[in-house]
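What follows is entry_1.txt (compact mmCIF, C-alpha atoms).
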```txt
# COMPACT_ATOMS: atom_id res chain seq x y z
CA MET P 532 24.36 11.59 16.29
CA GLY P 533 23.48 11.63 19.97
CA GLY P 534 20.02 13.07 19.21
CA LEU P 535 17.02 12.30 21.30
CA LYS P 536 16.02 8.70 20.78
CA LEU P 537 12.36 8.59 21.61
CA PHE P 538 11.42 5.09 20.67
CA PHE P 539 10.97 1.94 22.61
CA VAL P 540 13.49 -0.78 22.18
CA ASP P 541 13.62 -3.65 24.54
CA ASP P 542 16.43 -6.11 24.37
CA GLU P 543 14.18 -9.11 24.00
CA ARG P 544 12.39 -7.83 20.92
CA LEU P 545 15.59 -6.72 19.27
CA LYS P 546 17.20 -10.11 19.89
CA LYS P 547 14.16 -11.96 18.54
CA VAL P 548 14.28 -9.94 15.34
CA ALA P 549 18.06 -10.36 15.04
CA ALA P 550 17.66 -14.12 15.52
CA LEU P 551 15.59 -14.23 12.34
CA PHE P 552 18.75 -13.28 10.46
CA GLY P 553 20.81 -15.99 12.17
CA GLU P 554 22.83 -16.64 15.27
CA GLU P 555 25.71 -14.42 14.13
CA ALA P 556 23.31 -11.51 13.61
CA VAL P 557 22.38 -11.64 17.31
CA THR P 558 26.07 -11.36 18.25
CA VAL P 559 26.55 -8.49 15.78
CA VAL P 560 23.49 -6.66 17.17
CA GLU P 561 24.73 -7.18 20.73
CA ILE P 562 27.98 -5.41 19.81
CA LEU P 563 26.16 -2.61 17.98
CA GLU P 564 23.83 -2.09 20.93
CA LYS P 565 26.72 -1.15 23.18
CA VAL P 566 28.29 1.42 20.89
CA ASP P 567 27.17 4.40 18.93
CA GLU P 568 29.01 3.35 15.80
CA THR P 569 31.59 0.73 14.91
CA THR P 570 33.34 -0.78 11.90
CA ASP P 571 32.91 -4.29 10.51
CA PHE P 572 36.59 -4.95 11.32
CA GLN P 573 36.05 -4.10 14.98
CA ILE P 574 32.99 -6.35 15.16
CA ALA P 575 34.92 -9.23 13.60
CA ASP P 576 37.78 -8.66 16.07
CA GLN P 577 35.50 -8.61 19.09
CA THR P 578 33.34 -11.55 18.14
CA GLU P 579 35.75 -13.82 16.29
CA ILE P 580 33.13 -14.17 13.58
CA ARG P 581 34.71 -14.15 10.12
CA LEU P 582 34.78 -10.70 8.55
CA ASN P 583 32.79 -11.75 5.49
CA THR P 584 30.10 -13.31 7.72
CA VAL P 585 29.94 -10.10 9.78
CA ARG P 586 29.53 -8.08 6.57
CA LYS P 587 26.92 -10.50 5.24
CA MET P 588 24.88 -10.11 8.44
CA LEU P 589 25.29 -6.32 8.43
CA TYR P 590 24.13 -6.04 4.83
CA ARG P 591 21.11 -8.25 5.53
CA LEU P 592 20.17 -6.04 8.47
CA TYR P 593 20.88 -3.00 6.29
CA ASP P 594 18.42 -4.28 3.65
CA HIS P 595 15.71 -3.89 6.28
CA SER P 596 17.11 -0.54 7.57
CA LEU P 597 17.81 -2.10 10.96
CA VAL P 598 21.38 -0.78 10.73
CA ALA P 599 22.73 2.34 9.05
CA LEU P 600 26.00 2.74 7.22
CA ARG P 601 28.53 5.58 6.95
CA ARG P 602 31.52 5.42 4.66
CA SER P 603 34.86 7.12 5.19
CA ARG P 604 38.24 6.77 3.51
CA ASP P 605 41.28 5.44 5.35
CA GLU P 606 43.92 8.12 4.89
CA GLU P 607 46.80 5.66 4.93
CA THR P 608 45.52 2.94 2.65
CA GLY P 609 42.97 4.95 0.70
CA TRP P 610 40.42 2.19 1.26
CA PHE P 611 36.86 2.77 2.31
CA VAL P 612 36.00 2.11 5.95
CA PHE P 613 32.39 1.26 6.73
CA HIS P 614 30.94 2.49 10.00
CA TRP P 615 27.78 0.77 11.17
CA ARG P 616 25.20 1.76 13.73
CA LEU P 617 22.00 0.20 14.96
CA GLN P 618 18.72 1.84 13.98
CA PRO P 619 16.37 0.50 16.66
CA ASP P 620 13.76 3.09 15.71
CA GLN P 621 13.20 1.03 12.56
CA LEU P 622 12.22 -2.06 14.55
CA GLU P 623 8.55 -1.13 14.73
CA GLY P 624 8.43 -0.56 10.99
CA PHE P 625 10.18 -3.84 10.32
CA ILE P 626 7.69 -5.80 12.45
CA PHE P 627 4.78 -3.96 10.87
CA ASN P 628 5.99 -4.69 7.32
CA GLN P 629 6.62 -8.35 8.05
CA LYS P 630 3.13 -8.73 9.49
CA ARG P 631 1.61 -7.11 6.43
CA ARG P 632 3.63 -9.43 4.19
CA VAL P 633 2.54 -12.55 6.09
CA LEU P 634 -1.04 -11.28 6.07
CA GLU P 635 -0.95 -10.94 2.28
CA LYS P 636 0.29 -14.52 1.90
CA LEU P 637 -2.33 -15.85 4.29
CA GLU P 638 -5.12 -14.02 2.47
CA THR P 639 -3.94 -15.50 -0.83
CA ARG P 640 -3.89 -18.96 0.72
CA LEU P 641 -7.31 -18.52 2.32
CA GLY P 642 -8.81 -17.57 -1.04
CA TYR P 643 -7.27 -20.67 -2.62
CA GLU P 644 -8.45 -23.01 0.15
CA LYS P 645 -11.98 -21.60 0.02
CA SER P 646 -12.33 -21.79 -3.74
CA HIS P 647 -11.10 -25.37 -4.23
CA GLU P 648 -12.10 -28.90 -3.33
CA PHE P 649 -9.15 -31.08 -2.35
CA TYR P 650 -8.33 -34.75 -2.86
CA SER P 651 -5.67 -36.71 -1.07
CA CYS P 652 -4.37 -40.28 -0.81
CA GLN P 653 -3.93 -39.66 2.95
CA THR P 654 -0.35 -40.94 2.77
CA GLN P 655 2.14 -39.02 4.86
CA GLY P 656 4.37 -36.88 2.63
CA CYS P 657 1.87 -36.75 -0.27
CA ARG P 658 0.15 -33.41 -0.59
CA PRO P 659 -3.56 -32.92 -1.35
CA LEU P 660 -4.41 -31.81 -4.89
CA PRO P 661 -7.26 -29.56 -6.03
CA PHE P 662 -10.14 -31.28 -7.84
CA GLU P 663 -8.99 -30.12 -11.32
CA GLN P 664 -5.56 -31.75 -10.95
CA ALA P 665 -6.91 -34.86 -9.22
CA PHE P 666 -9.47 -35.31 -12.02
CA GLU P 667 -6.77 -35.14 -14.70
CA LEU P 668 -4.82 -37.81 -12.81
CA LEU P 669 -7.98 -39.97 -12.55
CA PHE P 670 -7.79 -39.52 -8.77
CA LYS P 671 -4.54 -41.46 -8.53
CA CYS P 672 -1.82 -39.88 -6.42
CA PRO P 673 1.12 -38.88 -8.67
CA ALA P 674 3.57 -39.75 -5.88
CA CYS P 675 2.35 -43.13 -4.54
CA ASN P 676 -0.30 -44.10 -7.10
CA LYS P 677 -2.91 -44.69 -4.38
CA LEU P 678 -6.51 -43.66 -4.92
CA MET P 679 -7.27 -40.13 -3.76
CA VAL P 680 -10.40 -39.28 -1.80
CA HIS P 681 -12.10 -36.01 -1.00
CA VAL P 682 -10.65 -34.23 2.03
CA ASN P 683 -12.27 -31.67 4.24
CA ASN P 684 -10.12 -28.54 4.51
CA SER P 685 -12.34 -26.70 6.99
CA GLN P 686 -9.72 -27.03 9.74
CA ILE P 687 -7.02 -25.25 7.75
CA VAL P 688 -9.54 -22.62 6.58
CA GLU P 689 -10.43 -21.95 10.20
CA THR P 690 -6.78 -21.79 11.26
CA ILE P 691 -5.91 -19.29 8.50
CA THR P 692 -8.99 -17.19 9.31
CA ARG P 693 -8.03 -17.03 12.98
CA LYS P 694 -4.44 -16.16 12.16
CA ILE P 695 -5.53 -13.42 9.75
CA GLU P 696 -7.85 -11.93 12.37
CA LYS P 697 -5.07 -11.94 14.96
CA ILE P 698 -2.56 -10.21 12.66
CA LYS P 699 -5.16 -7.66 11.51
CA LYS P 700 -5.99 -6.87 15.13
CA GLU P 701 -2.32 -6.42 15.98
CA LEU P 702 -1.81 -4.17 12.97
CA SER P 703 -4.67 -1.93 14.01
CA GLU P 704 -3.46 -1.51 17.63
CA MET F 1068 24.02 13.59 36.46
CA PRO F 1069 22.46 11.70 33.52
CA LYS F 1070 21.65 13.67 30.38
CA ARG F 1071 18.06 14.87 29.96
CA SER F 1072 17.65 12.98 26.66
CA ASP F 1073 18.77 9.70 28.30
CA LEU F 1074 16.30 10.25 31.10
CA GLU F 1075 13.47 10.83 28.62
CA HIS F 1076 14.33 7.62 26.83
CA LYS F 1077 14.52 5.66 30.09
CA ALA F 1078 11.28 7.20 31.34
CA LEU F 1079 9.44 6.23 28.17
CA GLN F 1080 10.79 2.69 28.37
CA LEU F 1081 9.65 2.41 31.99
CA ILE F 1082 6.18 3.76 31.21
CA MET F 1083 5.79 1.38 28.28
CA ASN F 1084 7.02 -1.56 30.35
CA VAL F 1085 4.35 -1.16 33.04
CA GLY F 1086 1.63 -1.50 30.41
CA SER F 1087 -1.99 -0.54 30.93
CA ASP F 1088 -1.67 0.08 34.71
CA GLY F 1089 0.42 3.16 34.15
CA VAL F 1090 2.94 4.48 36.65
CA LEU F 1091 2.76 7.32 39.17
CA GLN F 1092 4.92 10.26 38.21
CA SER F 1093 6.25 10.40 41.79
CA LYS F 1094 7.40 6.79 41.54
CA LEU F 1095 8.89 7.30 38.12
CA TRP F 1096 11.38 9.96 39.07
CA ARG F 1097 12.48 7.90 42.07
CA LYS F 1098 13.14 4.95 39.77
CA LEU F 1099 15.03 7.21 37.41
CA ASP F 1100 17.06 8.69 40.22
CA ALA F 1101 16.00 12.18 39.15
CA SER F 1102 14.60 15.10 41.12
CA SER F 1103 10.84 15.62 41.28
CA ARG F 1104 11.20 18.79 39.20
CA GLU F 1105 13.17 16.90 36.58
CA GLY F 1106 10.65 14.02 36.62
CA SER F 1107 7.74 16.37 36.14
CA ARG F 1108 9.47 18.20 33.27
CA ILE F 1109 10.25 14.92 31.53
CA ALA F 1110 6.63 13.75 31.87
CA ILE F 1111 5.33 17.04 30.43
CA LYS F 1112 7.79 16.81 27.57
CA LEU F 1113 6.74 13.26 26.74
CA GLU F 1114 3.08 14.28 26.91
CA ASN F 1115 3.69 17.23 24.58
CA LYS F 1116 5.35 14.86 22.13
CA GLY F 1117 2.20 12.76 22.15
CA LEU F 1118 3.97 9.70 23.54
CA ILE F 1119 2.20 9.43 26.90
CA LEU F 1120 -1.03 10.39 28.67
CA ARG F 1121 -1.08 12.04 32.12
CA GLU F 1122 -4.03 11.61 34.45
CA ARG F 1123 -4.29 13.51 37.76
CA GLU F 1124 -4.44 11.19 40.79
CA LEU F 1125 -4.44 11.64 44.56
CA SER F 1126 -1.74 9.52 46.15
CA ARG F 1127 -1.05 9.60 49.90
CA GLY F 1128 -2.84 12.92 50.20
CA ARG F 1129 -0.83 14.57 47.44
CA TRP F 1130 -1.82 15.27 43.89
CA THR F 1131 0.36 13.62 41.30
CA TYR F 1132 -0.09 12.18 37.83
CA ARG F 1133 -0.40 8.64 36.56
CA LEU F 1134 1.45 8.19 33.30
CA TYR F 1135 0.29 5.86 30.55
CA ALA F 1136 2.04 5.01 27.28
CA LYS F 1137 -0.12 5.87 24.29
CA ARG F 1138 1.08 3.02 22.17
CA LYS F 1139 1.99 -0.59 22.85
CA PRO F 1140 5.25 -1.76 21.30
CA ALA F 1141 4.53 -4.07 18.36
CA SER F 1142 5.23 -7.70 19.11
CA ILE F 1143 6.63 -10.09 16.53
CA ASN F 1144 5.53 -13.21 18.45
CA SER F 1145 2.52 -13.99 16.26
CA ILE F 1146 4.68 -14.44 13.15
CA ILE F 1147 8.12 -15.19 14.56
CA ASP F 1148 8.10 -18.81 13.36
CA CYS F 1149 6.35 -18.13 10.05
CA PRO F 1150 8.51 -19.60 7.26
CA CYS F 1151 7.66 -16.67 4.96
CA LEU F 1152 9.66 -14.24 7.12
CA MET F 1153 13.13 -15.16 5.92
CA CYS F 1154 12.12 -17.35 2.98
CA PRO F 1155 14.83 -17.38 0.30
CA ASN F 1156 12.12 -17.78 -2.37
CA ASP F 1157 10.21 -14.72 -1.27
CA SER F 1158 10.99 -12.64 -4.36
CA ARG F 1159 9.63 -15.44 -6.57
CA CYS F 1160 6.58 -16.20 -4.42
CA GLY F 1161 3.14 -14.99 -5.47
CA PRO F 1162 -0.40 -16.22 -6.14
CA TRP F 1163 0.30 -16.86 -9.83
CA SER F 1164 3.97 -17.90 -9.59
CA THR F 1165 5.44 -21.41 -9.57
CA ILE F 1166 6.28 -20.80 -5.93
CA SER F 1167 3.10 -19.73 -4.25
CA PRO F 1168 1.60 -19.54 -0.75
CA ASN F 1169 -1.18 -21.78 -2.11
CA GLU F 1170 1.00 -24.85 -2.37
CA CYS F 1171 3.92 -24.00 -0.12
CA GLU F 1172 4.58 -27.01 2.08
CA LYS F 1173 6.45 -25.01 4.72
CA LEU F 1174 3.52 -22.63 5.07
CA THR F 1175 1.08 -25.57 5.27
CA GLU F 1176 3.20 -27.17 7.98
CA TRP F 1177 3.27 -23.89 9.95
CA LEU F 1178 -0.51 -23.57 9.68
CA LEU F 1179 -1.11 -27.19 10.64
CA ASN F 1180 0.94 -26.70 13.79
CA PHE F 1181 -1.75 -24.29 15.02
CA SER F 1182 -4.69 -26.51 14.33
```
What does the file become when written as structure tokens?
Amino acid sequence: MGGLKLFFVDDERLKKVAALFGEEAVTVVEILEKVDETTDFQIADQTEIRLNTVRKMLYRLYDHSLVALRRSRDEETGWFVFHWRLQPDQLEGFIFNQKRRVLEKLETRLGYEKSHEFYSCQTQGCRPLPFEQAFELLFKCPACNKLMVHVNNSQIVETITRKIEKIKKELSE
Amino acid sequence: MPKRSDLEHKALQLIMNVGSDGVLQSKLWRKLDASSREGSRIAIKLENKGLILRERELSRGRWTYRLYAKRKPASINSIIDCPCLMCPNDSRCGPWSTISPNECEKLTEWLLNFS
């Protein structure tokens, strides 16, 4: 502990990431930011968030290595006490992994959009179907029974392509 | 007096915050409330660790260094509102699964918001 922390952590980025885990996670992170290490009991006391919610948030952050955990035994009760500390040096890795994950999904989707022709009844709430499914349904929408017509998906293809390019560029910086 | 390690951390944050313009070493130690000797040592240390670049520059008739961060901090802004990030179905989502990015309505909605 107390070693040289040579990484860049700005408050804004940390809060944005914490917000992904929920409002309570932001409060938990704010407490952890101020101290080197603290227990879940102390966080619950300071924030008035229920202890099980505090623990839930901590474990979710722990799943992504954004917090670290140390266990000790209470000499009086014999129970385990969990000491938590923020690992802001993992923030970069977290962002990087999430971008790679989103990129993978977008590439899958792009392949699907490019390799299919879509038909839609153009009714709000009804989703377009690929040709194979629309053909089996005799081009009648399974939700509203209206006739489906060919739709141009070039706009979504372009959007996904742009998004993929942006994420790839960011990942290479 | 602040600890050396704290100063290094603060210095790196400052250098990264100024972005591509860089910051003069002489200005940096003033901002950090450190001595010029301390500031120069910190800058050398950060350079040796490969975290910053130092370029010699003449400022007000005196030679100093301009310090640049080598790496930009990664931003999450481009994907912050992507529904995949905290999707509860993530473990079951894949190209050949019942839940798939191909037909995910939340993902479609997110994409359509850009177009």
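Considering the residues P:Phe649, P:Phe670, P:Tyr643, P:Phe613 and counting only C-alpha atoms, chain F has its shortest atom-to-atom contact with P:Tyr643.
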Set the distance at 8 Å and use all atoms listed in the file: which residues neighbour segment 1099-1106 of chain F once local chain neighbours fewer than 6 positions away are removed? I'd like the list as a PyMOL selection string.
chain F and resi 1074+1077-1078+1092-1093
Would you please work out which residue, of P:Ala575, P:Leu563, P:Ala665, P:Ile695, is nearest to chain F when using all atoms listed in the file?
P:Ile695
Residues of chain P no more than 10 Å from chain F, counting all atoms listed in the file: send them over as an MDAnalysis selection string.
chainID P and resid 533:541 544:545 547:548 550:553 622:627 629:630 632:644 656 658:660 686:691 693:694 697:698 701:702 704
Contact residues around Thr578 of chain P with all atoms listed in the file at 9 Å, ignoring same-chain residues under 3 positions, as a ChimeraX atom specification:
/P:558-559,562,573-575,581
Up to 9 Å from (17.7, -0.9, 10.7) in the file's coordinates: name the residues, counting all atoms listed in the file, as a list in words.
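Returned residue set, sorted by chain then number, is Leu592, Tyr593, Asp594, His595, Ser596, Leu597, Val598, Ala599, Arg616, Leu617, Gln618, Pro619, Asp620, Gln621, Leu622 and Phe625 of chain P.
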So how far away is atom CA of Gly1089 of chain F from atom CA of Arg1123 of chain F, in Å?
11.9 Å
Could you work out how far atom CA of Ser1126 of chain F lies from atom CA of Gly1086 of chain F, giving the answer in Å with one decimal?
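Distance between the two atoms: 19.5 Å.
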d(atom CA of Arg591 of chain P, atom CA of Lys565 of chain P) in Å:
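Value for the atom CA of Arg591 of chain P-atom CA of Lys565 of chain P distance: 19.8 Å.
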